[in-house]
file upload05.txt (compact mmCIF, C-alpha atoms)
# COMPACT_ATOMS: atom_id res chain seq x y z
CA MET A 1 127.56 133.57 107.63
CA PRO A 2 128.67 133.41 103.97
CA ARG A 3 126.72 130.82 101.97
CA LEU A 4 129.81 128.70 101.16
CA THR A 5 130.79 128.55 104.81
CA LEU A 6 127.22 127.66 105.76
CA LEU A 7 127.13 124.87 103.16
CA ARG A 8 130.34 123.42 104.55
CA SER A 9 128.99 123.68 108.07
CA LEU A 10 125.77 121.95 107.11
CA ALA A 11 127.67 119.22 105.28
CA ALA A 12 129.83 118.53 108.29
CA LEU A 13 127.55 119.87 111.05
CA SER A 14 130.74 120.45 113.01
CA GLY A 15 131.72 116.83 112.50
CA LEU A 16 128.13 115.55 112.21
CA VAL A 17 126.30 114.11 109.24
CA PHE A 18 122.62 113.60 108.60
CA ALA A 19 121.77 110.04 109.58
CA GLY A 20 121.43 108.52 112.96
CA GLN A 21 122.23 107.47 116.46
CA ALA A 22 124.85 105.39 118.20
CA ALA A 23 125.10 101.64 117.75
CA PHE A 24 127.28 98.88 119.16
CA SER A 25 128.19 95.45 117.81
CA LEU A 26 127.84 92.14 119.53
CA PRO A 27 130.81 89.77 119.70
CA GLY A 28 131.58 88.29 116.31
CA ALA A 29 129.73 90.92 114.34
CA THR A 30 131.62 92.17 111.32
CA THR A 31 129.04 94.13 109.32
CA THR A 32 129.50 97.57 110.82
CA VAL A 33 130.89 100.77 109.37
CA LYS A 34 132.45 103.85 110.95
CA VAL A 35 130.91 107.10 109.71
CA LYS A 36 133.31 109.68 108.29
CA PRO A 37 132.69 113.43 108.09
CA GLY A 38 130.71 114.10 104.93
CA ASP A 39 129.11 110.64 104.77
CA THR A 40 125.35 110.45 104.30
CA LEU A 41 122.96 107.64 105.06
CA TRP A 42 122.09 107.44 101.38
CA ALA A 43 125.73 107.27 100.25
CA LEU A 44 126.52 104.55 102.79
CA SER A 45 123.52 102.50 101.67
CA ARG A 46 124.82 102.67 98.11
CA GLN A 47 128.43 101.94 99.08
CA TYR A 48 127.55 98.85 101.10
CA HIS A 49 124.64 97.71 98.92
CA VAL A 50 121.98 97.77 101.60
CA ASP A 51 118.46 99.14 101.59
CA LEU A 52 118.30 102.76 102.78
CA ASN A 53 115.19 102.30 104.92
CA GLN A 54 116.44 99.07 106.48
CA LEU A 55 119.80 100.68 107.23
CA ALA A 56 117.93 103.41 109.09
CA ALA A 57 115.59 100.96 110.83
CA VAL A 58 118.26 98.55 112.08
CA ASN A 59 120.01 101.52 113.72
CA GLY A 60 116.80 102.96 115.19
CA MET A 61 116.91 106.00 112.93
CA LYS A 62 114.73 108.10 110.70
CA LEU A 63 116.08 109.67 107.54
CA SER A 64 116.32 113.13 109.06
CA ASP A 65 118.45 112.04 112.01
CA ILE A 66 122.01 113.24 112.56
CA LEU A 67 125.02 111.11 113.40
CA TYR A 68 128.36 112.01 114.90
CA ALA A 69 131.29 111.25 112.63
CA ASN A 70 133.18 108.21 113.95
CA ARG A 71 130.06 106.55 115.28
CA ILE A 72 129.41 102.99 114.20
CA LEU A 73 126.48 102.05 111.97
CA VAL A 74 125.21 98.48 111.89
CA LEU A 75 124.46 97.16 108.41
CA PRO A 76 121.22 95.22 107.91
CA GLY A 77 121.67 91.51 108.57
CA SER A 78 124.49 91.82 111.13
CA ALA A 79 124.43 90.36 114.61
CA SER A 80 124.26 93.78 116.21
CA VAL A 81 121.74 95.93 117.99
CA SER A 82 121.36 99.67 118.38
CA ARG A 83 121.08 101.71 121.54
CA PRO A 84 120.17 105.33 122.18
CA PRO A 85 123.05 107.75 122.83
CA GLY A 86 124.02 107.76 126.50
CA ASP A 87 122.94 104.21 127.26
CA ALA A 88 125.55 101.98 128.84
CA PRO A 89 127.01 99.29 126.53
CA ALA A 90 125.73 95.81 127.14
CA SER A 91 127.85 93.75 129.53
CA SER A 92 129.61 90.62 128.33
CA ALA A 93 127.01 88.57 130.20
CA THR A 94 124.09 90.10 128.35
CA ALA A 95 125.77 90.62 124.98
CA ALA A 96 126.23 86.96 124.11
CA ALA A 97 123.20 86.93 121.79
CA PRO A 98 121.11 89.49 119.90
CA ALA A 99 118.28 91.07 121.85
CA GLY A 100 115.81 90.03 119.15
CA PRO A 101 115.57 88.60 115.66
CA VAL A 102 118.14 89.98 113.25
CA PRO A 103 116.71 91.32 109.98
CA PRO A 104 117.78 89.24 106.98
CA PRO A 105 119.99 90.75 104.29
CA VAL A 106 117.98 92.69 101.76
CA PRO A 107 118.80 93.58 98.17
CA PRO A 108 120.02 97.14 97.61
CA ARG A 109 117.40 99.71 96.87
CA HIS A 110 117.85 100.59 93.25
CA PHE A 111 116.12 103.40 91.43
CA THR A 112 115.56 103.35 87.72
CA ALA A 113 116.73 106.22 85.57
CA ALA A 114 113.15 107.42 85.38
CA GLU A 115 112.77 107.31 89.17
CA LEU A 116 115.98 109.25 89.69
CA ALA A 117 114.88 111.84 87.15
CA GLN A 118 111.56 112.19 88.97
CA MET A 119 113.26 112.61 92.36
CA ARG A 120 115.66 115.20 91.00
CA SER A 121 112.90 117.18 89.32
CA PHE A 122 110.30 116.87 92.08
CA CYS A 123 110.84 120.34 93.51
CA GLN A 124 110.79 121.91 90.07
CA VAL A 125 107.41 120.44 89.12
CA TYR A 126 105.57 120.14 92.44
CA ARG A 127 103.03 122.89 93.05
CA PRO A 128 101.74 123.06 96.63
CA PRO A 129 98.08 123.88 97.30
CA VAL A 130 97.10 127.41 98.23
CA GLU A 131 93.93 126.53 100.17
CA PRO A 132 92.38 126.40 102.69
CA LEU A 133 93.66 129.74 103.87
CA GLY A 134 93.67 130.36 107.60
CA VAL A 135 91.75 127.20 108.55
CA LEU A 136 93.81 126.09 111.53
CA PRO A 137 94.02 122.38 112.39
CA SER A 138 91.25 121.54 114.83
CA GLY A 139 93.73 120.13 117.31
CA LEU A 140 95.39 123.54 117.45
CA ALA A 141 92.38 125.85 117.42
CA SER A 142 90.89 124.04 120.42
CA ARG A 143 94.08 124.22 122.51
CA PRO A 144 94.81 127.67 123.99
CA ASP A 145 98.17 126.45 125.34
CA ARG A 146 99.36 125.61 121.84
CA MET A 147 97.77 128.70 120.28
CA ALA A 148 99.88 130.74 122.70
CA LEU A 149 102.97 129.52 120.82
CA ARG A 150 102.06 131.24 117.55
CA PRO A 151 103.74 134.57 118.37
CA LEU A 152 107.00 132.68 118.90
CA PHE A 153 106.94 131.35 115.34
CA VAL A 154 106.31 134.89 114.11
CA ARG A 155 109.06 136.36 116.27
CA TRP A 156 111.76 133.92 115.25
CA GLY A 157 110.58 133.58 111.68
CA ARG A 158 111.03 137.32 111.22
CA ALA A 159 114.37 137.23 113.02
CA TYR A 160 115.81 134.53 110.73
CA GLY A 161 114.01 135.21 107.47
CA VAL A 162 111.74 132.16 107.56
CA PRO A 163 108.03 132.56 106.73
CA PRO A 164 106.24 131.88 110.03
CA ASP A 165 103.57 129.78 108.33
CA LEU A 166 106.29 127.47 106.98
CA ALA A 167 107.87 127.01 110.41
CA GLU A 168 104.43 126.42 111.92
CA ALA A 169 103.56 123.79 109.29
CA VAL A 170 106.83 121.90 109.78
CA ALA A 171 106.36 121.90 113.55
CA TRP A 172 102.75 120.76 113.28
CA GLN A 173 103.77 117.90 111.01
CA GLU A 174 106.60 116.94 113.35
CA SER A 175 104.91 117.08 116.75
CA GLY A 176 101.52 118.78 116.70
CA TRP A 177 103.33 121.55 118.64
CA GLN A 178 103.87 119.28 121.63
CA ASN A 179 107.14 119.85 123.41
CA ASN A 180 107.01 116.60 125.37
CA VAL A 181 107.26 114.40 122.27
CA VAL A 182 110.45 112.32 121.95
CA SER A 183 111.07 110.04 118.98
CA PRO A 184 112.78 106.61 119.18
CA ALA A 185 115.89 108.29 117.79
CA ASN A 186 115.79 110.93 120.58
CA ALA A 187 114.48 113.76 118.41
CA GLN A 188 112.79 116.09 120.86
CA GLY A 189 110.10 118.67 121.21
CA ILE A 190 108.09 120.88 118.94
CA GLY A 191 110.57 120.79 116.07
CA GLN A 192 111.68 117.19 116.73
CA LEU A 193 115.34 118.15 116.93
CA LEU A 194 118.16 115.84 117.92
CA PRO A 195 120.61 116.99 120.60
CA GLU A 196 123.30 117.09 117.89
CA THR A 197 121.13 119.44 115.82
CA ALA A 198 120.63 121.64 118.86
CA ALA A 199 124.39 121.74 119.40
CA PHE A 200 124.90 122.75 115.76
CA VAL A 201 122.33 125.55 115.96
CA ASN A 202 123.69 126.76 119.30
CA GLY A 203 127.08 126.91 117.61
CA LEU A 204 125.64 129.07 114.84
CA LEU A 205 123.96 131.39 117.31
CA GLY A 206 126.50 131.38 120.13
CA THR A 207 123.73 130.41 122.53
CA SER A 208 122.86 127.69 125.04
CA LEU A 209 119.27 127.05 124.03
CA GLN A 210 117.54 124.01 125.52
CA LEU A 211 115.41 121.48 123.65
CA THR A 212 113.09 121.17 126.65
CA VAL A 213 112.14 124.86 126.60
CA PRO A 214 109.34 125.44 124.05
CA GLU A 215 110.56 128.83 122.87
CA ASP A 216 114.13 127.57 122.57
CA ASN A 217 112.98 124.53 120.59
CA ILE A 218 110.99 126.72 118.21
CA ARG A 219 113.89 129.14 117.82
CA MET A 220 116.27 126.29 116.95
CA GLU A 221 113.80 124.74 114.50
CA VAL A 222 113.40 128.08 112.73
CA ARG A 223 117.14 128.73 112.62
CA MET A 224 117.72 125.28 111.15
CA LEU A 225 115.10 125.95 108.48
CA SER A 226 116.84 129.24 107.77
CA ALA A 227 120.13 127.41 107.25
CA LEU A 228 118.49 124.87 104.94
CA LEU A 229 116.76 127.60 102.94
CA ALA A 230 120.13 129.32 102.49
CA ALA A 231 121.78 126.04 101.48
CA THR A 232 119.09 125.31 98.89
CA GLY A 233 119.04 128.79 97.40
CA GLY A 234 115.74 129.69 99.03
CA GLN A 235 113.91 126.67 97.61
CA VAL A 236 111.18 125.86 100.12
CA CYS A 237 110.56 122.35 98.76
CA GLY A 238 114.25 121.46 99.00
CA ALA A 239 114.60 122.93 102.48
CA VAL A 240 111.60 120.98 103.79
CA ALA A 241 112.85 117.78 102.15
CA SER A 242 116.27 118.33 103.75
CA TYR A 243 114.69 118.82 107.17
CA TYR A 244 113.34 115.28 106.80
CA GLN A 245 115.95 113.35 104.82
CA GLY A 246 119.12 115.42 105.18
CA LEU A 247 120.82 117.83 102.82
CA GLY A 248 123.34 115.27 101.56
CA ALA A 249 120.70 112.93 100.18
CA LEU A 250 118.95 115.87 98.51
CA HIS A 251 122.17 116.81 96.74
CA ASP A 252 123.00 113.20 95.88
CA ILE A 253 119.74 111.99 94.37
CA GLY A 254 116.94 114.50 94.93
CA VAL A 255 113.78 114.09 97.01
CA LEU A 256 113.28 110.50 98.12
CA PRO A 257 109.79 109.02 97.63
CA GLU A 258 109.07 109.02 101.36
CA SER A 259 110.31 112.60 101.60
CA GLN A 260 107.94 113.60 98.81
CA VAL A 261 105.05 112.48 101.02
CA TYR A 262 106.50 114.55 103.88
CA VAL A 263 106.93 117.64 101.69
CA GLN A 264 103.41 117.35 100.33
CA SER A 265 102.01 117.03 103.83
CA VAL A 266 103.92 120.03 105.20
CA LEU A 267 103.17 122.27 102.24
CA SER A 268 99.51 121.24 102.28
CA LEU A 269 99.37 122.37 105.90
CA ARG A 270 101.12 125.66 105.24
CA PRO A 271 98.10 127.68 103.94
CA ARG A 272 96.21 126.83 107.13
CA PHE A 273 98.65 128.97 109.13
CA ARG A 274 98.36 132.08 106.97
call {"tool": "encode", "arguments": {"input": "upload05.txt", "output": "structure tokens"}}
result
Amino acid sequence: MPRLTLLRSLAALSGLVFAGQAAFSLPGATTTVKVKPGDTLWALSRQYHVDLNQLAAVNGMKLSDILYANRILVLPGSASVSRPPGDAPASSATAAAPAGPVPPPVPPRHFTAAELAQMRSFCQVYRPPVEPLGVLPSGLASRPDRMALRPLFVRWGRAYGVPPDLAEAVAWQESGWQNNVVSPANAQGIGQLLPETAAFVNGLLGTSLQLTVPEDNIRMEVRMLSALLAATGGQVCGAVASYYQGLGALHDIGVLPESQVYVQSVLSLRPRFR
């Protein structure tokens, strides 16, 4: 796929954007917003003057989640609650009041010029460690069932031009290579992929891979990393940050502080898989 076409596909994710899961509003709620193709969680937090992390939290999201265009996001402080995709909407009998306390409005998250400069330059100045080489995490080395997955990272890493040790480190950070892990936002399996991400990758590959199948999950994780590496010009730091926070936020402001912690953790793990 040509790089420009891939960039457009990643930006839209076939009508998807990085940032979330479905939400519904209770009667009388007015502080919701419909997501448009190309929107990002970061851009919406700026547009509506709400804190990025609270916007994610009130919708049951993490920063790396993906949201269908036209879904409704609840803004912090509204009388609304979130629900996982596929759940039935609350009935009128049960939707008369919020299910729990509603977070109060919070001031927008502002970054100083110095903070923005640091976020935008993070990947240029950060130097990941190169040791310890080959010292596998103890939770992996002692588990033959997980060790048996290593050839799959090699196979699909070579197939899609992703260093296997990078794919292994991302997956270890995400799930500890456990395919039964499901996040509150419905990210699933070894690579902690959302169903929407799986649909995007299956569209790229022309396949019907399943999140519940370990090899399929690994293959989709690696292909997504391949797409992010292509979109960031081969920059490993930027690709890993995008896997966590989304490509749009990376382009808008750089590597968010919480994403810097994620990048450092993943790239500190990477030498262990060499």
call {"tool": "closest_residue", "arguments": {"input": "upload05.txt", "among": "A:Leu205, A:Val266, A:Leu256, A:Val236", "to": "Glu174 of chain A", "atoms": "all atoms listed in the file"}}
result
A:Val266
call {"tool": "atom_distance", "arguments": {"input": "upload05.txt", "atom1": "atom CA of Glu258 of chain A", "atom2": "atom CA of Gly134 of chain A"}}
result
27.0 Å
call {"tool": "atom_distance", "arguments": {"input": "upload05.txt", "atom1": "atom CA of Leu152 of chain A", "atom2": "atom CA of Pro184 of chain A"}}
result
26.7 Å
call {"tool": "residues_around", "arguments": {"input": "upload05.txt", "residues": "Val58 of chain A", "least_positions_apart": "3", "cutoff": "7 Å", "atoms": "only C-alpha atoms", "output": "list in words"}}
result
Gln54, Leu55, Val74 and Pro76 of chain A
call {"tool": "atom_distance", "arguments": {"input": "upload05.txt", "atom1": "atom CA of Ala171 of chain A", "atom2": "atom CA of Leu44 of chain A"}}
result
28.7 Å
call {"tool": "residues_around", "arguments": {"input": "upload05.txt", "residues": "Gln264 of chain A", "least_positions_apart": "2", "cutoff": "9 Å", "atoms": "all atoms listed in the file", "output": "VMD selection string"}}
result
chain A and resid 126 128 to 129 237 259 to 262 266 to 269
call {"tool": "residues_around", "arguments": {"input": "upload05.txt", "residues": "Met220 of chain A", "least_positions_apart": "5", "cutoff": "8 Å", "atoms": "only C-alpha atoms", "output": "number ranges by chain"}}
result
A: 191, 198, 201-202, 209
call {"tool": "residues_around", "arguments": {"input": "upload05.txt", "residues": "Gly254 of chain A", "least_positions_apart": "4", "cutoff": "7 Å", "atoms": "all atoms listed in the file", "output": "ChimeraX atom specification"}}
result
/A:119-120,249-250
call {"tool": "closest_residue", "arguments": {"input": "upload05.txt", "among": "A:Gly60, A:Pro214, A:Pro195, A:Gly246", "to": "Leu73 of chain A", "atoms": "all atoms listed in the file"}}
result
A:Gly60
